[in-house]
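Only one structure is covered here, and it is reproduced in the block below.
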Amino acid sequence: MNLKKPILLHGFDRSGHSHRAELMLRLLGLPFDFHQVDLAGGEQRAAAFLKLNPFGTVPVIEDDGVAIADSCAILVYLATKYDAEGRWLPRDPVGAARVQRWLSVAQGPVFNGPCRARLVTVFGADLDHALAKATAEKLFATLDPLLADKTFLVDERPTIADIALYTYIAHAPEGGVALNPHSHIVAWLGRVEALPGFSPMPATKAGLLAA
């Protein structure tokens, strides 16, 4: 009998990008193995890794002999291949476009805001922390009222849009960006965390996620 190998996720356990991919795998109930990439040791710049992803970033998954890099691309791949009902990625043009809008937000304001703020405080990145915090706060001021009368970002049920935005927003306090003023965002985070199969990314600084 030919048994399918588990999906192999190359990632870093404190990376929000990696957590997007891991969370989607868990929510879909897919078997996977996790390979912790030694970023500090430069494994992402080694020839073997660059063969999987020439840009040298995590995450990357290997599935059935195919390597898929980039967290949002991985979300699209997993939802397209393993969710035949189209629950996580709508198949209709309007629904698909609405999801894509939020994937763009994940790669834009979320990356430039809460992600970069956390890179400074947690990993010591040489970035403009004040600008990253301001970008995050502007994002949250826009997002919070949009969630006032919505269960999830696109519909009454979750999509990969929610998974793409969740981790860096949930961990924004680690970058010095408060969540408490944004009650609708906090409630939405709780709804994501209540999904069957949910598993959080570990907090890097104890107590900050309560901020």
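Ordered as shown in the structure tokens, chains take letters A, B, and onward, while each chain numbers its residues from 1 and ligands are numbered from 1 in the order shown.
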
All residues 7 Å or closer to A:Ala106, only C-alpha atoms, same chain fewer than 4 positions away omitted, as a ChimeraX atom specification
/A:102,110-111,164-165

Practice problem: Excluding A:Arg101 and any residue of its chain fewer than 5 positions from it, enumerate the residues within 12 Å of it, using only C-alpha atoms, and give them as number ranges by chain. | Solution: A: 72, 94-96, 106-109, 153-154, 160-162, 164-165

- Task: Mind the document's chain letters and residue numbers, and return as a list in words the residues of stretch 24-192 of chain A that DSSP labels strand (DSSP E).
- Result: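 Across stretch 24-192 of chain A, those assigned strand (DSSP E) are Phe32, Asp33, Phe34, His35, Gln36, Val60, Ile61, Glu62, Asp63, Val66, Ala67, Ile68 and Ala69 of chain A.
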
| query | Between atom CA of A:Gly176 and atom CA of A:Ala132, what is the distance, to one decimal in Å? | reply |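 One can read the atom CA of A:Gly176 to atom CA of A:Ala132 distance as 9.9 Å.
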
DSSP alpha helix (DSSP H) residues within stretch 2-211 of chain A, listed as a ChimeraX atom specification: /A:16-27,47-52,71-82,93-105,116-123,129-146,160-170,183-193

Could the residues in this selection be saved with C-alpha atoms as a compact mmCIF listing (two decimals), in the first residue's frame?
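Written file, part_32.txt:
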# COMPACT_ATOMS: atom_id res chain seq x y z
CA GLY A 16 4.12 34.50 12.38
CA HIS A 17 4.52 33.61 8.72
CA SER A 18 5.35 30.03 9.67
CA HIS A 19 2.48 29.92 12.13
CA ARG A 20 0.01 30.82 9.37
CA ALA A 21 0.99 27.67 7.50
CA GLU A 22 1.05 25.51 10.63
CA LEU A 23 -2.33 26.77 11.78
CA MET A 24 -3.92 26.05 8.40
CA LEU A 25 -2.52 22.52 8.43
CA ARG A 26 -4.01 21.96 11.89
CA LEU A 27 -7.40 23.47 11.04
CA ALA A 47 22.01 25.52 -1.09
CA ALA A 48 19.54 22.83 -0.02
CA PHE A 49 17.09 25.38 1.35
CA LEU A 50 17.55 27.83 -1.51
CA LYS A 51 16.57 25.02 -3.86
CA LEU A 52 13.20 24.97 -2.11
CA SER A 71 2.83 31.83 3.75
CA CYS A 72 -0.12 33.23 1.80
CA ALA A 73 0.67 31.04 -1.21
CA ILE A 74 0.70 28.06 1.15
CA LEU A 75 -2.72 29.03 2.50
CA VAL A 76 -4.12 29.20 -1.04
CA TYR A 77 -2.51 25.87 -1.96
CA LEU A 78 -3.80 24.02 1.10
CA ALA A 79 -7.32 25.43 0.83
CA THR A 80 -7.50 24.69 -2.89
CA LYS A 81 -6.14 21.17 -2.66
CA TYR A 82 -7.58 19.91 0.61
CA PRO A 93 -15.43 35.39 -8.04
CA VAL A 94 -16.72 37.82 -5.41
CA GLY A 95 -15.80 35.62 -2.47
CA ALA A 96 -12.37 34.84 -3.89
CA ALA A 97 -11.70 38.53 -4.52
CA ARG A 98 -12.72 39.46 -0.98
CA VAL A 99 -10.29 36.91 0.42
CA GLN A 100 -7.52 38.17 -1.87
CA ARG A 101 -8.10 41.69 -0.60
CA TRP A 102 -7.22 40.54 2.92
CA LEU A 103 -4.23 38.53 1.75
CA SER A 104 -2.93 41.79 0.32
CA VAL A 105 -3.51 43.44 3.71
CA ARG A 116 7.87 44.77 11.80
CA ALA A 117 7.21 46.22 15.26
CA ARG A 118 7.67 42.74 16.73
CA LEU A 119 10.82 42.18 14.68
CA VAL A 120 12.33 45.18 16.45
CA THR A 121 11.37 44.33 20.02
CA VAL A 122 11.72 40.54 19.89
CA PHE A 123 14.53 40.00 17.40
CA HIS A 129 9.91 50.96 15.36
CA ALA A 130 7.90 54.17 15.62
CA LEU A 131 6.80 53.91 11.99
CA ALA A 132 5.88 50.23 12.39
CA LYS A 133 3.79 51.02 15.48
CA ALA A 134 2.06 53.89 13.71
CA THR A 135 1.28 51.62 10.74
CA ALA A 136 -0.14 48.98 13.09
CA GLU A 137 -2.26 51.49 14.97
CA LYS A 138 -3.65 52.90 11.71
CA LEU A 139 -4.47 49.36 10.57
CA PHE A 140 -6.23 48.55 13.83
CA ALA A 141 -8.21 51.80 13.74
CA THR A 142 -9.48 50.81 10.28
CA LEU A 143 -10.04 47.13 11.03
CA ASP A 144 -11.81 47.41 14.38
CA PRO A 145 -15.05 49.06 13.14
CA LEU A 146 -15.14 46.71 10.14
CA ILE A 160 -7.85 31.85 4.90
CA ALA A 161 -8.16 35.65 5.19
CA ASP A 162 -8.62 35.25 8.94
CA ILE A 163 -5.64 32.90 9.17
CA ALA A 164 -3.44 35.29 7.19
CA LEU A 165 -4.12 38.19 9.55
CA TYR A 166 -4.48 36.40 12.87
CA THR A 167 -0.99 35.68 14.18
CA TYR A 168 0.76 39.02 13.86
CA ILE A 169 -2.30 40.86 15.14
CA ALA A 170 -2.63 38.50 18.12
CA SER A 183 -12.63 45.44 21.35
CA HIS A 184 -13.95 44.14 18.03
CA ILE A 185 -10.49 42.93 17.00
CA VAL A 186 -10.04 41.24 20.37
CA ALA A 187 -13.41 39.50 19.98
CA TRP A 188 -12.49 38.36 16.47
CA LEU A 189 -9.19 36.95 17.73
CA GLY A 190 -11.17 34.97 20.28
CA ARG A 191 -13.42 33.53 17.58
CA VAL A 192 -10.38 32.38 15.60
CA GLU A 193 -8.90 30.84 18.74

Exercise for the section: Excluding stretch 64-67 of chain A and residues on its chain fewer than 6 positions from it, collect all residues at most 9 Å away from it, counting only C-alpha atoms, and give them as a ChimeraX atom specification. Expected result: /A:4-7,52-53

How would the residues just chosen look if you wrote them out with C-alpha atoms as a PDB file, in the first residue's frame?
ATOM      1  CA  LYS A   4       1.033   9.460   1.404  1.00  0.00           C
ATOM      2  CA  LYS A   5       3.888  11.033   3.320  1.00  0.00           C
ATOM      3  CA  PRO A   6       2.942  13.762   5.786  1.00  0.00           C
ATOM      4  CA  ILE A   7       3.395  17.287   4.511  1.00  0.00           C
ATOM      5  CA  LEU A  52      13.200  24.967  -2.107  1.00  0.00           C
ATOM      6  CA  ASN A  53      12.878  28.749  -1.892  1.00  0.00           C
TER       7      ASN A  53
END

| said: List as a list in words the protein and nucleic acid residues near A:Leu8, meaning an atom at most 7 Å away when only C-alpha atoms are counted, but skip any in the same chain fewer than 6 places from it. | reply: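 Contacts, in chain order: Phe32, Asp33, Phe34, Ile61, Glu62 and Asp63 of chain A.
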
For N, CA and C atoms, I'd like the residues from the last selection saved as a JSON list (two decimals), in the first residue's frame.
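Now in again-v6.json:
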[["chain", "number", "residue", "atom", "x", "y", "z"],
["A", 32, "PHE", "N", 1.31, 16.42, 9.32],
["A", 32, "PHE", "CA", 2.51, 17.11, 8.84],
["A", 32, "PHE", "C", 3.65, 16.92, 9.83],
["A", 33, "ASP", "N", 4.85, 17.07, 9.32],
["A", 33, "ASP", "CA", 6.05, 17.10, 10.14],
["A", 33, "ASP", "C", 6.61, 18.51, 10.09],
["A", 34, "PHE", "N", 7.19, 18.94, 11.19],
["A", 34, "PHE", "CA", 7.74, 20.29, 11.27],
["A", 34, "PHE", "C", 9.26, 20.24, 11.35],
["A", 61, "ILE", "N", 6.55, 24.51, 2.36],
["A", 61, "ILE", "CA", 6.05, 23.15, 2.57],
["A", 61, "ILE", "C", 6.46, 22.29, 1.39],
["A", 62, "GLU", "N", 6.63, 21.01, 1.68],
["A", 62, "GLU", "CA", 6.85, 20.01, 0.64],
["A", 62, "GLU", "C", 5.70, 19.02, 0.71],
["A", 63, "ASP", "N", 5.03, 18.85, -0.40],
["A", 63, "ASP", "CA", 3.85, 17.99, -0.45],
["A", 63, "ASP", "C", 3.79, 17.27, -1.79]]
